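S.K.: Structure below; questions to follow.
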Amino acid sequence: MVAALLTDLFETHRPHLLSVAYRLTGSVADAEDAVQESWLRLAVARQHEIEDLRAWLTTVVSRICLDRLRSASARREQYVGQWLPEPIVTSPLPSSTPDPLAAVVRKQDARFAALVVMDTLTPPQRVAFVLHDGFSVPFDEIADILGVSTEAARALATRARKALAHTPEPVTDTEHDAAVQQLLEALYRGDVDAVVAALHPDVRTIGDAGGTTATAINVVAGVDKNARLWLGLRTRYGFDDPATYQAGAFEFVLVNGQLGMLMHERASENGRPGTPPRVYGYTVRDGKVWGIYDLVNPAKLKGLRLPH
């Protein structure tokens with residue numbers, strides 16, 4: 001096959017492959033690396049033997065991602081604190097250059113709460129679920145990727161589906177935005193009752209710094225603990241100071257397609273500690289904030305796709 005034609009054909013499949021790889025790994029870096037590796041494998045493959053290029057590339061990317069998932073599982077045993085997926089952070093404003101990954105996170109199973117639960121699955125469960133339920137790959141093909149029987153592949157997807165059944169259903173953008181803004185406005189005012197009212201009874205905060213800087217090492221669960229935590233951080237990081245907002249320290253962003261916040265890097269000043277860049281994502285349930293994600297490990301912030 002002529003090299004230029006092969007390149008063009010591959011590029012038509014790149015958005016699909018990125019979607020597969022990101023949902024399989026929960027990592028922007030791993031997804032992009034897996035897609036690039038699939039291109040290298042295609043370039044040296046016997047292309048005349050490939051009957052369905054999209055299916056062939058999907059299989060190749062899935063096998064690469066399966067290896068990366070197993071490697072990530074080993075890394076997590078040594079990880080400091082909580083492990084969260086790598087977010088895709090985009091501008092709320094329309095972009096003149098479409099980003100394939102920005103389109104990926106409009107899908108329900110790529111929203112942050114779903115990815116958090118998928119991170120608890122075994123690598124084979126995740127592969128079976130994502131490929132079958134997300135991309136309609138037949139179980140016999142999934143079985144071949146995993147090296148198991150068709151029945152075993154089907155059972156893996158079933159177990160994954162049961163685990164994901166406890167994930168909050170994605171709400172409309174309007175409901176999500178209203179709940180997040182209600183919490184942030186309550187924090188800005190320092191209104192304890194309003195903060196409590198904005199939090200879901202089962203709220204939890206999960207921080208992921210990988211030992212690089214300060215965040216909650218353990219999951220903070222419950223309204224009382226979360227209210228105390230965020231009201232304390234309100235003063236620590238300047239949520240209570242209008243000058244902080246005027247100085248551009250905070251920026252509203254989309255975290256996996258839903259309203260979140262980016263705190264830009266800040267040096268220590270006026271008795272307040274400095275902070276590296278950090279991203280706050282939220283999950284809303286029953287009109288209240290159910291999940292708060294403090295993402296600050298720089299290795300997890302490679303998915304910032306904002307105009308400079």
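We name chains A, B, ... following the order of the structure tokens; residues begin at 1 in each chain, and ligands are numbered from 1 as shown.
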Considering only helix (DSSP H, G or I) as DSSP defines it on the backbone, what residues of segment 21-125 of chain A qualify? List them as an MDAnalysis selection string.

M.R.: chainID A and resid 21:25 28:43 47:49 53:76 100:104 108:110 112:118 123:125

S.K.: What are the DSSP strand (DSSP E or B) residues of segment 189-263 of chain A, as JSON, numbers by chain?

M.R.: {"A": [199, 200, 201, 202, 203, 204, 205, 206, 207, 208, 220, 221, 250, 251, 252, 253, 254, 255, 258, 259, 260, 261, 262, 263]}

S.K.: Which of these, A:Leu262, A:Val255, A:Leu184, A:Ala197, has the shortest distance to Arg234 of chain A once you count only C-alpha atoms?

M.R.: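 Closest residue, counting only C-alpha atoms: A:Leu184.
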
S.K.: List the spatial neighbours of segment 180-182 of chain A as a PyMOL selection string - criterion: any atom at most 10 Å away, only C-alpha atoms, same-chain residues fewer than 5 positions off excluded.

M.R.: chain A and resi 175+187-188+194-195+197-199+258-261+281-284+287-290+292

S.K.: Please write the residues from the selection above to a file, keeping N, CA and C atoms, as a PDB file, in the first residue's frame.

M.R.:
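So the final result, stored in again06.pdb, reads:
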```
ATOM      1  N   GLU A 175     -27.997  20.810  35.225  1.00  0.00           N
ATOM      2  CA  GLU A 175     -28.071  20.373  36.615  1.00  0.00           C
ATOM      3  C   GLU A 175     -26.684  20.301  37.245  1.00  0.00           C
ATOM      4  N   LEU A 187     -18.971  28.320  49.311  1.00  0.00           N
ATOM      5  CA  LEU A 187     -17.606  28.373  49.830  1.00  0.00           C
ATOM      6  C   LEU A 187     -17.054  29.799  49.788  1.00  0.00           C
ATOM      7  N   TYR A 188     -17.334  30.486  48.723  1.00  0.00           N
ATOM      8  CA  TYR A 188     -16.849  31.868  48.582  1.00  0.00           C
ATOM      9  C   TYR A 188     -17.388  32.746  49.716  1.00  0.00           C
ATOM     10  N   ALA A 194     -24.965  26.761  53.875  1.00  0.00           N
ATOM     11  CA  ALA A 194     -25.113  26.641  52.420  1.00  0.00           C
ATOM     12  C   ALA A 194     -24.160  25.593  51.854  1.00  0.00           C
ATOM     13  N   VAL A 195     -22.957  25.493  52.427  1.00  0.00           N
ATOM     14  CA  VAL A 195     -22.014  24.459  51.992  1.00  0.00           C
ATOM     15  C   VAL A 195     -22.598  23.082  52.279  1.00  0.00           C
ATOM     16  N   ALA A 197     -25.692  22.287  52.603  1.00  0.00           N
ATOM     17  CA  ALA A 197     -26.864  22.069  51.758  1.00  0.00           C
ATOM     18  C   ALA A 197     -26.477  21.687  50.331  1.00  0.00           C
ATOM     19  N   ALA A 198     -25.278  22.113  49.899  1.00  0.00           N
ATOM     20  CA  ALA A 198     -24.839  21.841  48.529  1.00  0.00           C
ATOM     21  C   ALA A 198     -24.221  20.460  48.378  1.00  0.00           C
ATOM     22  N   LEU A 199     -23.930  19.784  49.496  1.00  0.00           N
ATOM     23  CA  LEU A 199     -23.248  18.498  49.453  1.00  0.00           C
ATOM     24  C   LEU A 199     -24.238  17.334  49.588  1.00  0.00           C
ATOM     25  N   GLN A 258     -17.518  17.985  31.834  1.00  0.00           N
ATOM     26  CA  GLN A 258     -18.411  18.610  32.803  1.00  0.00           C
ATOM     27  C   GLN A 258     -17.673  19.692  33.588  1.00  0.00           C
ATOM     28  N   LEU A 259     -18.440  20.677  34.073  1.00  0.00           N
ATOM     29  CA  LEU A 259     -17.854  21.851  34.703  1.00  0.00           C
ATOM     30  C   LEU A 259     -16.957  21.480  35.879  1.00  0.00           C
ATOM     31  N   GLY A 260     -15.746  22.015  35.855  1.00  0.00           N
ATOM     32  CA  GLY A 260     -14.802  21.859  36.952  1.00  0.00           C
ATOM     33  C   GLY A 260     -13.993  23.133  37.076  1.00  0.00           C
ATOM     34  N   MET A 261     -12.865  23.049  37.761  1.00  0.00           N
ATOM     35  CA  MET A 261     -12.065  24.252  37.979  1.00  0.00           C
ATOM     36  C   MET A 261     -10.577  23.918  37.905  1.00  0.00           C
ATOM     37  N   GLY A 281     -12.441  18.298  39.772  1.00  0.00           N
ATOM     38  CA  GLY A 281     -13.578  17.765  39.041  1.00  0.00           C
ATOM     39  C   GLY A 281     -14.697  17.435  40.015  1.00  0.00           C
ATOM     40  N   TYR A 282     -15.909  17.352  39.494  1.00  0.00           N
ATOM     41  CA  TYR A 282     -17.076  17.129  40.358  1.00  0.00           C
ATOM     42  C   TYR A 282     -18.025  16.124  39.705  1.00  0.00           C
ATOM     43  N   THR A 283     -18.721  15.373  40.561  1.00  0.00           N
ATOM     44  CA  THR A 283     -19.826  14.531  40.125  1.00  0.00           C
ATOM     45  C   THR A 283     -21.061  14.961  40.906  1.00  0.00           C
ATOM     46  N   VAL A 284     -22.175  15.085  40.216  1.00  0.00           N
ATOM     47  CA  VAL A 284     -23.425  15.543  40.828  1.00  0.00           C
ATOM     48  C   VAL A 284     -24.424  14.398  40.863  1.00  0.00           C
ATOM     49  N   GLY A 287     -28.987  16.444  42.385  1.00  0.00           N
ATOM     50  CA  GLY A 287     -28.910  17.899  42.465  1.00  0.00           C
ATOM     51  C   GLY A 287     -27.877  18.437  43.429  1.00  0.00           C
ATOM     52  N   LYS A 288     -27.044  17.555  44.001  1.00  0.00           N
ATOM     53  CA  LYS A 288     -26.011  17.989  44.946  1.00  0.00           C
ATOM     54  C   LYS A 288     -24.656  17.395  44.544  1.00  0.00           C
ATOM     55  N   VAL A 289     -23.594  17.993  45.056  1.00  0.00           N
ATOM     56  CA  VAL A 289     -22.250  17.513  44.723  1.00  0.00           C
ATOM     57  C   VAL A 289     -21.975  16.238  45.499  1.00  0.00           C
ATOM     58  N   TRP A 290     -21.760  15.157  44.753  1.00  0.00           N
ATOM     59  CA  TRP A 290     -21.549  13.813  45.324  1.00  0.00           C
ATOM     60  C   TRP A 290     -20.073  13.427  45.335  1.00  0.00           C
ATOM     61  N   ILE A 292     -15.972  14.941  44.679  1.00  0.00           N
ATOM     62  CA  ILE A 292     -15.016  16.026  44.444  1.00  0.00           C
ATOM     63  C   ILE A 292     -13.651  15.381  44.242  1.00  0.00           C
TER      64      ILE A 292
END
```

S.K.: Nearest to Leu17 of chain A: which of A:Ala114, A:Ala4, A:Val279, A:Ile64 is it, counting only C-alpha atoms?

M.R.: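 Smallest separation from Leu17 of chain A among the options: A:Ile64.
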
S.K.: Quick one: of A:Arg23, A:His176, A:Arg76, A:Arg63, who's nearest to Val117 of chain A, counting only C-alpha atoms?

M.R.: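 Of the candidates, the smallest distance to Val117 of chain A is held by A:Arg23.
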
S.K.: Excluding segment 87-95 of chain A and residues on its chain fewer than 5 positions from it, collect all residues at most 10 Å away from it, counting only C-alpha atoms, and give them as a PyMOL selection string.

M.R.: chain A and resi 22+26-28+101-102+104-105+110-112+115+251-262+279-281+295+300-307

S.K.: Taking 4 positions as the minimum chain separation for residues in the same chain, which residues sit within 9 Å of Trp83 of chain A when counting only C-alpha atoms? Answer as a list in words.

M.R.: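 Residues meeting the cut-off are Arg76, Tyr79, Val116, Asp119, Ile206, Gly207, Asp208, Ala209 and Gly210 of chain A.
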
S.K.: Could you tell me how far atom CA of Thr215 of chain A lies from atom CA of Asp173 of chain A, in Å and to one decimal?

M.R.: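 It comes out at 27.6 Å.
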
S.K.: Using only C-alpha atoms, what does the table of segment 43-148 of chain A residues within 8 Å of segment 216-225 of chain A look like, with each row giving the shortest atom pair and its distance in Å to one decimal, sorted by chain and ascending number, as CSV?

M.R.:
```
residue,atom,partner,partner_atom,distance
A:Val80,CA,A:Ile217,CA,7.8
A:Gly81,CA,A:Ile217,CA,4.7
A:Gln82,CA,A:Ile217,CA,6.4
```
